[in-house]
>>> print(open('protein-v1.cif').read())   # mmCIF, C-alpha atoms
data_data
loop_
_atom_site.label_atom_id
_atom_site.label_comp_id
_atom_site.auth_asym_id
_atom_site.auth_seq_id
_atom_site.Cartn_x
_atom_site.Cartn_y
_atom_site.Cartn_z
CA MET F 1 0.00 0.00 0.00
CA LYS F 2 2.81 2.39 0.88
CA LEU F 3 4.51 1.57 -2.43
CA ILE F 4 1.35 2.46 -4.34
CA GLN F 5 1.06 5.73 -2.41
CA LYS F 6 4.68 6.51 -3.21
CA TYR F 7 4.15 6.02 -6.96
CA LEU F 8 0.94 8.04 -6.88
CA SER F 9 2.76 10.87 -5.10
CA VAL F 10 5.54 10.84 -7.73
CA ALA F 11 2.95 10.85 -10.53
CA ALA F 12 1.04 13.73 -8.94
CA PHE F 13 4.23 15.72 -8.45
CA THR F 14 5.27 15.11 -12.09
CA ALA F 15 1.85 16.22 -13.32
CA LEU F 16 2.09 19.37 -11.18
CA LEU F 17 5.49 20.24 -12.64
CA PHE F 18 4.13 19.72 -16.17
CA CYS F 19 1.18 22.03 -15.51
CA ILE F 20 3.50 24.72 -14.10
CA ALA F 21 5.80 24.43 -17.10
CA VAL F 22 2.90 24.76 -19.53
CA TYR F 23 1.52 27.74 -17.62
CA VAL F 24 4.74 29.74 -17.36
CA SER F 25 6.30 28.88 -20.73
CA PRO F 26 5.71 31.49 -23.45
CA LYS F 27 3.11 30.63 -26.03
CA ALA F 28 4.33 29.94 -29.53
CA PRO F 29 3.41 32.75 -31.95
CA ILE F 30 0.39 32.07 -34.11
CA PRO F 31 1.45 31.47 -37.73
CA LEU F 32 -0.06 34.30 -39.77
CA PRO F 33 -1.50 34.04 -43.27
CA ARG F 34 0.79 34.62 -46.23
CA PHE F 35 -0.10 36.21 -49.54
CA VAL F 36 0.70 34.53 -52.85
CA VAL F 37 1.81 36.95 -55.56
CA PRO F 38 2.02 35.71 -59.17
CA GLY F 39 4.55 37.17 -61.57
CA ALA F 40 3.98 37.76 -65.26
CA GLU F 41 2.50 34.85 -67.18
CA GLY F 42 4.53 31.70 -66.64
CA SER F 43 7.03 33.27 -64.21
CA GLY F 44 5.85 31.52 -61.04
CA THR F 45 4.55 32.79 -57.71
CA GLN F 46 6.07 34.08 -54.48
CA ASP F 47 4.75 34.02 -50.91
CA ILE F 48 4.76 37.30 -48.97
CA SER F 49 4.54 37.27 -45.17
CA ILE F 50 2.78 39.78 -42.94
CA PHE F 51 5.11 42.27 -41.25
CA ASP F 52 4.42 42.80 -37.54
CA ALA F 53 5.43 46.32 -36.54
CA GLY F 54 5.07 45.40 -32.87
CA ASP F 55 2.76 48.33 -32.09
CA GLY F 56 -0.57 46.79 -33.01
CA ASN F 57 -0.08 47.44 -36.71
CA TYR F 58 0.52 44.83 -39.38
CA TYR F 59 1.59 45.44 -42.96
CA VAL F 60 1.71 43.52 -46.21
CA PHE F 61 4.36 45.03 -48.49
CA LEU F 62 3.60 44.04 -52.07
CA PRO F 63 6.07 44.23 -54.99
CA SER F 64 5.47 46.79 -57.69
CA TYR F 65 4.14 44.22 -60.16
CA ALA F 66 1.47 42.82 -57.80
CA GLN F 67 -2.18 43.18 -58.78
CA MET F 68 -4.59 42.90 -55.87
CA GLU F 69 -7.13 41.00 -57.94
CA GLN F 70 -4.50 38.31 -58.57
CA VAL F 71 -3.06 38.11 -55.04
CA THR F 72 -4.46 35.17 -53.03
CA VAL F 73 -4.39 34.08 -49.38
CA SER F 74 -2.32 31.17 -48.07
CA GLN F 75 -3.91 30.49 -44.73
CA PRO F 76 -3.13 28.07 -41.87
CA SER F 77 -6.16 25.78 -41.53
CA TYR F 78 -6.19 25.67 -37.72
CA HIS F 79 -6.74 29.40 -37.07
CA HIS F 80 -9.37 31.89 -38.15
CA PHE F 81 -8.30 35.25 -39.58
CA SER F 82 -10.43 38.08 -40.93
CA LEU F 83 -10.21 41.63 -42.23
CA GLU F 84 -13.23 43.81 -41.42
CA GLU F 85 -15.04 40.57 -40.45
CA ILE F 86 -14.35 39.11 -43.90
CA PRO F 87 -12.81 35.65 -43.36
CA LEU F 88 -9.43 35.13 -45.00
CA ALA F 89 -10.11 31.74 -46.54
CA HIS F 90 -7.28 29.76 -48.05
CA GLY F 91 -7.01 30.57 -51.75
CA MET F 92 -9.37 33.56 -51.66
CA ASN F 93 -8.78 36.48 -54.01
CA CYS F 94 -7.71 39.81 -52.46
CA GLY F 95 -9.29 42.04 -55.10
CA ILE F 96 -11.84 43.31 -52.56
CA PHE F 97 -9.08 44.99 -50.54
CA GLN F 98 -7.28 48.23 -51.35
CA THR F 99 -3.78 49.45 -50.65
CA GLU F 100 -3.12 51.96 -47.85
CA THR F 101 -6.53 51.30 -46.28
CA PRO F 102 -6.53 50.30 -42.57
CA TYR F 103 -8.48 47.09 -41.99
CA ALA F 104 -9.47 45.65 -38.62
CA PHE F 105 -7.44 42.44 -38.33
CA ALA F 106 -8.91 39.69 -36.15
CA VAL F 107 -7.32 36.40 -35.08
CA ASP F 108 -9.61 33.60 -33.91
CA HIS F 109 -12.53 36.08 -33.79
CA ARG F 110 -10.63 38.52 -31.57
CA GLN F 111 -9.69 41.84 -33.11
CA THR F 112 -6.03 42.31 -32.30
CA ALA F 113 -4.63 44.87 -34.70
CA THR F 114 -4.87 46.88 -37.88
CA LEU F 115 -3.56 45.62 -41.21
CA ARG F 116 -2.66 47.66 -44.29
CA PHE F 117 -1.46 46.72 -47.76
CA PHE F 118 1.31 48.83 -49.27
CA GLN F 119 2.87 48.53 -52.69
CA SER F 120 6.13 49.67 -54.29
CA ALA F 121 6.23 51.37 -57.67
CA ASN F 122 8.50 50.74 -60.67
CA VAL F 123 11.33 48.82 -59.00
CA ALA F 124 12.61 45.29 -59.45
CA THR F 125 12.08 42.63 -56.77
CA MET F 126 14.50 39.99 -55.46
CA TYR F 127 13.41 37.01 -53.36
CA VAL F 128 16.10 35.20 -51.37
CA ASP F 129 15.19 32.02 -49.48
CA THR F 130 17.73 30.35 -47.18
CA VAL F 131 18.03 26.58 -46.79
CA SER F 132 17.36 26.93 -43.05
CA GLY F 133 14.21 28.98 -43.67
CA ASN F 134 15.38 31.88 -41.48
CA MET F 135 18.22 34.41 -41.11
CA LYS F 136 19.42 33.42 -37.63
CA TYR F 137 22.65 31.73 -38.69
CA LEU F 138 23.60 34.44 -41.18
CA HIS F 139 22.93 37.22 -38.69
CA GLN F 140 25.07 35.63 -35.97
CA ASN F 141 28.22 36.57 -37.86
CA LYS F 142 28.71 38.45 -41.11
CA ASP F 143 31.18 35.79 -42.28
CA HIS F 144 28.60 33.01 -42.02
CA ARG F 145 27.48 31.71 -45.40
CA GLU F 146 24.35 29.86 -46.38
CA THR F 147 23.03 28.35 -49.58
CA VAL F 148 20.04 30.28 -50.91
CA SER F 149 17.62 30.26 -53.79
CA VAL F 150 17.28 33.53 -55.68
CA SER F 151 14.50 34.84 -57.91
CA LEU F 152 14.76 38.27 -59.50
CA TYR F 153 11.75 39.95 -61.13
CA ALA F 154 11.65 43.11 -63.22
CA SER F 155 9.21 45.85 -62.24
CA ASP F 156 6.62 44.43 -64.66
CA GLY F 157 6.73 40.99 -63.04
CA SER F 158 8.79 39.22 -65.68
CA LEU F 159 11.31 36.75 -64.26
CA CYS F 160 14.87 37.96 -64.95
CA TYR F 161 16.88 35.35 -63.08
CA THR F 162 16.40 32.32 -60.86
CA ASN F 163 18.80 29.87 -59.22
CA GLY F 164 18.67 27.54 -56.25
CA GLN F 165 22.40 27.16 -55.55
CA SER F 166 23.60 30.68 -54.75
CA THR F 167 25.36 31.80 -51.56
CA LEU F 168 24.55 34.67 -49.22
CA LYS F 169 26.66 36.23 -46.47
CA GLY F 170 26.87 39.49 -44.57
CA ARG F 171 29.16 42.40 -45.46
CA GLY F 172 30.21 45.81 -44.21
CA ASN F 173 31.63 46.99 -40.90
CA ALA F 174 29.61 49.68 -39.14
CA THR F 175 26.75 49.09 -41.59
CA TRP F 176 26.48 45.48 -40.42
CA GLU F 177 25.31 46.72 -37.00
CA TYR F 178 22.10 48.24 -38.35
CA ASP F 179 18.82 46.32 -38.25
CA LYS F 180 18.66 46.61 -42.03
CA ARG F 181 21.78 44.69 -43.01
CA PRO F 182 23.83 44.62 -46.21
CA TYR F 183 24.69 41.32 -47.89
CA ALA F 184 27.04 39.79 -50.44
CA LEU F 185 25.45 37.44 -52.97
CA THR F 186 27.44 34.91 -55.00
CA LEU F 187 25.81 33.18 -57.95
CA PRO F 188 27.06 29.79 -59.22
CA ALA F 189 27.95 31.36 -62.58
CA ASP F 190 28.19 34.78 -64.19
CA ALA F 191 24.81 36.35 -64.89
CA ALA F 192 23.65 39.72 -66.19
CA LEU F 193 21.28 41.01 -63.51
CA LEU F 194 18.94 43.85 -64.48
CA ASP F 195 20.92 44.55 -67.67
CA MET F 196 24.23 44.97 -65.86
CA ALA F 197 27.39 43.24 -67.10
CA PRO F 198 27.53 39.49 -66.31
CA ALA F 199 29.32 38.46 -63.11
CA ALA F 200 28.83 36.03 -60.23
CA LYS F 201 29.42 38.34 -57.25
CA TRP F 202 26.93 41.06 -56.31
CA ILE F 203 26.43 43.42 -53.38
CA LEU F 204 23.07 44.19 -51.77
CA LEU F 205 23.49 47.66 -50.27
CA ALA F 206 20.98 48.42 -47.51
CA ASN F 207 21.65 52.19 -47.25
CA ALA F 208 20.40 51.93 -43.67
CA ALA F 209 22.10 55.16 -42.56
CA ASP F 210 20.66 57.12 -45.47
CA GLU F 211 16.97 57.93 -44.98
CA THR F 212 16.70 59.16 -48.57
CA ASN F 213 18.20 55.94 -50.02
CA LEU F 214 19.72 58.22 -52.68
CA ASN F 215 23.33 58.99 -51.72
CA ASN F 216 25.10 55.91 -53.11
CA LYS F 217 23.00 55.86 -56.26
CA LEU F 218 23.63 59.53 -56.98
CA VAL F 219 27.39 59.24 -56.45
CA PHE F 220 27.71 56.12 -58.61
CA ASP F 221 25.63 57.61 -61.42
CA LEU F 222 27.49 60.95 -61.27
CA ALA F 223 30.87 59.21 -61.39
CA ARG F 224 29.84 57.33 -64.52
CA GLN F 225 28.57 60.50 -66.18
CA VAL F 226 31.81 62.43 -65.57
CA GLY F 227 33.80 59.58 -67.10
CA PHE F 228 35.46 57.71 -64.23
CA GLN F 229 37.22 54.73 -65.75
CA TRP F 230 35.15 52.21 -63.80
CA THR F 231 32.31 52.81 -61.42
CA PRO F 232 29.91 50.15 -60.11
CA GLN F 233 26.58 49.98 -61.84
CA CYS F 234 23.57 49.63 -59.55
CA ARG F 235 19.82 49.17 -59.67
CA TRP F 236 17.04 49.70 -57.15
CA MET F 237 15.16 46.62 -55.98
CA ASP F 238 12.89 45.46 -53.17
CA LEU F 239 14.37 42.59 -51.17
CA TYR F 240 12.36 39.78 -49.57
CA LEU F 241 14.21 37.37 -47.26
CA ASN F 242 12.28 34.13 -46.74
CA GLY F 243 9.14 35.96 -47.80
CA GLU F 244 9.59 38.85 -45.35
CA TYR F 245 9.94 42.31 -46.83
CA SER F 246 13.36 43.73 -45.91
CA GLY F 247 13.14 47.08 -47.65
CA LEU F 248 14.52 48.94 -50.64
CA TYR F 249 18.04 47.81 -51.56
CA LEU F 250 20.61 48.74 -54.16
CA LEU F 251 21.80 45.78 -56.23
CA THR F 252 25.39 46.78 -56.99
CA GLU F 253 28.36 45.41 -58.89
CA LYS F 254 31.18 44.25 -56.63
CA VAL F 255 34.56 45.98 -56.84
CA GLU F 256 36.78 43.09 -57.96
CA VAL F 257 39.23 41.99 -60.63
CA HIS F 258 36.98 40.72 -63.40
CA GLU F 259 36.75 41.17 -67.15
CA ASN F 260 33.46 43.06 -66.74
CA ARG F 261 34.61 45.07 -63.74
CA VAL F 262 37.94 46.46 -62.64
#
>>> encode(input="protein-v1.cif", output="structure tokens")
Amino acid sequence: MKLIQKYLSVAAFTALLFCIAVYVSPKAPIPLPRFVVPGAEGSGTQDISIFDAGDGNYYVFLPSYAQMEQVTVSQPSYHHFSLEEIPLAHGMNCGIFQTETPYAFAVDHRQTATLRFFQSANVATMYVDTVSGNMKYLHQNKDHRETVSVSLYASDGSLCYTNGQSTLKGRGNATWEYDKRPYALTLPADAALLDMAPAAKWILLANAADETNLNNKLVFDLARQVGFQWTPQCRWMDLYLNGEYSGLYLLTEKVEVHENRV
């Protein structure tokens, strides 16, 4: 009898510890819907995640080529989401929503925030997806490298370049400390990105310290116009990392010894 009581006491104590652990451990974040954006005819689709500003506002940053009537919802089946009490059903068309309009965003029938759609204008779009599915390893150290897939779209949605065996790493010194980080991208073979001379190594300038995002572009363009022997070419583009909008970047030629560069 005492032995049975002992085992029951151990079981009760274990159950109590489990309940405490469940109660005090932080809840896992609810996976939010994603939005599927098709490119021009035959150029595939890309998933865009919702950006949580952390202040009760959520945003969906769409590329310049997106058309709301063609954007669809990719929705986790085990949660209920709605905008202005309109359920976000998996596969539904987003043509009923407008950009820059605040919508009441509810999760599991509880209004939690406001969501707005925003859209870029007349810039290219690059999607970079890491093998790990996140940026944790790369952001631990700027010298860390990870295999990535890259898809580059022109402003009209036509696919300019795609490859699944590229490499991404961090770059910069003081600029690496900003939340918006610069990167170095290496393709498996030379490629002409956005009509620039073919090469394998490219720089993704974040311009995090420049609120205008204009300084580097102006200097590079001016240097070319006044006839400097070689100045990096560059093009504006929106960058999405694993589906999350990372901002406006400057896709730039790398300064290196190369037949199409220095």
>>> closest_residue(input="protein-v1.cif", among="F:Gln119, F:Asn141, F:Asn173, F:Asn213", to="F:Val60", atoms="all atoms listed in the file")
F:Gln119
>>> atom_distance(input="protein-v1.cif", atom1="atom CA of F:Gly56", atom2="atom CA of F:Ala113")
4.8 Å
>>> atom_distance(input="protein-v1.cif", atom1="atom CA of F:Leu185", atom2="atom CA of F:Thr252")
10.2 Å
>>> resolve_selection(input="protein-v1.cif", expression="the PyMOL selection byres ((chain F and resi 61-68) around 7)", output="count of residues only")
20
>>> closest_residue(input="protein-v1.cif", among="F:Asp190, F:Glu41, F:Asp221, F:Glu211", to="F:Gly247", atoms="all atoms listed in the file")
F:Glu211
>>> resolve_selection(input="protein-v1.cif", expression="the PyMOL selection byres ((chain F and resi 110) around 12)", output="list in words")
His79, His80, Phe81, Ser82, Leu83, Glu84, Glu85, Ala104, Phe105, Ala106, Val107, Asp108, His109, Gln111, Thr112, Ala113 and Thr114 of chain F
>>> atom_distance(input="protein-v1.cif", atom1="atom CA of F:Thr45", atom2="atom CA of F:Leu115")
22.4 Å
>>> closest_residue(input="protein-v1.cif", among="F:Gly44, F:Tyr103, F:Glu146, F:Tyr161", to="F:Pro198", atoms="all atoms listed in the file")
F:Tyr161
>>> decode(input="protein-v1.cif", residues="stretch 218-232 of chain F", atoms="N, CA, C and O atoms", output="CSV table (one decimal), in the first residue's frame")
chain,number,residue,atom,x,y,z
F,218,LEU,N,23.3,58.3,-56.4
F,218,LEU,CA,23.6,59.5,-57.0
F,218,LEU,C,25.1,59.6,-57.3
F,218,LEU,O,25.6,60.0,-58.3
F,219,VAL,N,25.9,59.2,-56.3
F,219,VAL,CA,27.4,59.2,-56.5
F,219,VAL,C,27.8,58.3,-57.6
F,219,VAL,O,28.7,58.7,-58.4
F,220,PHE,N,27.3,57.1,-57.6
F,220,PHE,CA,27.7,56.1,-58.6
F,220,PHE,C,27.3,56.6,-60.0
F,220,PHE,O,28.1,56.6,-61.0
F,221,ASP,N,26.1,57.1,-60.1
F,221,ASP,CA,25.6,57.6,-61.4
F,221,ASP,C,26.4,58.8,-61.9
F,221,ASP,O,26.8,59.0,-63.1
F,222,LEU,N,26.7,59.8,-60.9
F,222,LEU,CA,27.5,61.0,-61.3
F,222,LEU,C,28.9,60.6,-61.7
F,222,LEU,O,29.4,61.1,-62.7
F,223,ALA,N,29.5,59.6,-61.0
F,223,ALA,CA,30.9,59.2,-61.4
F,223,ALA,C,30.9,58.6,-62.8
F,223,ALA,O,31.9,58.9,-63.6
F,224,ARG,N,29.9,57.9,-63.2
F,224,ARG,CA,29.8,57.3,-64.5
F,224,ARG,C,29.7,58.4,-65.6
F,224,ARG,O,30.3,58.4,-66.6
F,225,GLN,N,28.8,59.4,-65.2
F,225,GLN,CA,28.6,60.5,-66.2
F,225,GLN,C,29.8,61.4,-66.4
F,225,GLN,O,30.0,61.9,-67.5
F,226,VAL,N,30.6,61.6,-65.4
F,226,VAL,CA,31.8,62.4,-65.6
F,226,VAL,C,33.0,61.7,-66.1
F,226,VAL,O,34.1,62.2,-66.4
F,227,GLY,N,32.8,60.3,-66.4
F,227,GLY,CA,33.8,59.6,-67.1
F,227,GLY,C,34.8,58.8,-66.3
F,227,GLY,O,35.9,58.6,-66.8
F,228,PHE,N,34.5,58.5,-65.0
F,228,PHE,CA,35.5,57.7,-64.2
F,228,PHE,C,35.7,56.4,-65.0
F,228,PHE,O,34.7,55.8,-65.5
F,229,GLN,N,36.9,55.9,-64.9
F,229,GLN,CA,37.2,54.7,-65.7
F,229,GLN,C,36.3,53.5,-65.4
F,229,GLN,O,35.9,52.8,-66.3
F,230,TRP,N,36.1,53.3,-64.2
F,230,TRP,CA,35.2,52.2,-63.8
F,230,TRP,C,34.5,52.6,-62.5
F,230,TRP,O,35.1,52.9,-61.5
F,231,THR,N,33.1,52.5,-62.6
F,231,THR,CA,32.3,52.8,-61.4
F,231,THR,C,31.2,51.7,-61.4
F,231,THR,O,30.7,51.4,-62.4
F,232,PRO,N,30.9,51.2,-60.2
F,232,PRO,CA,29.9,50.1,-60.1
F,232,PRO,C,28.6,50.6,-60.6
F,232,PRO,O,28.1,51.7,-60.3
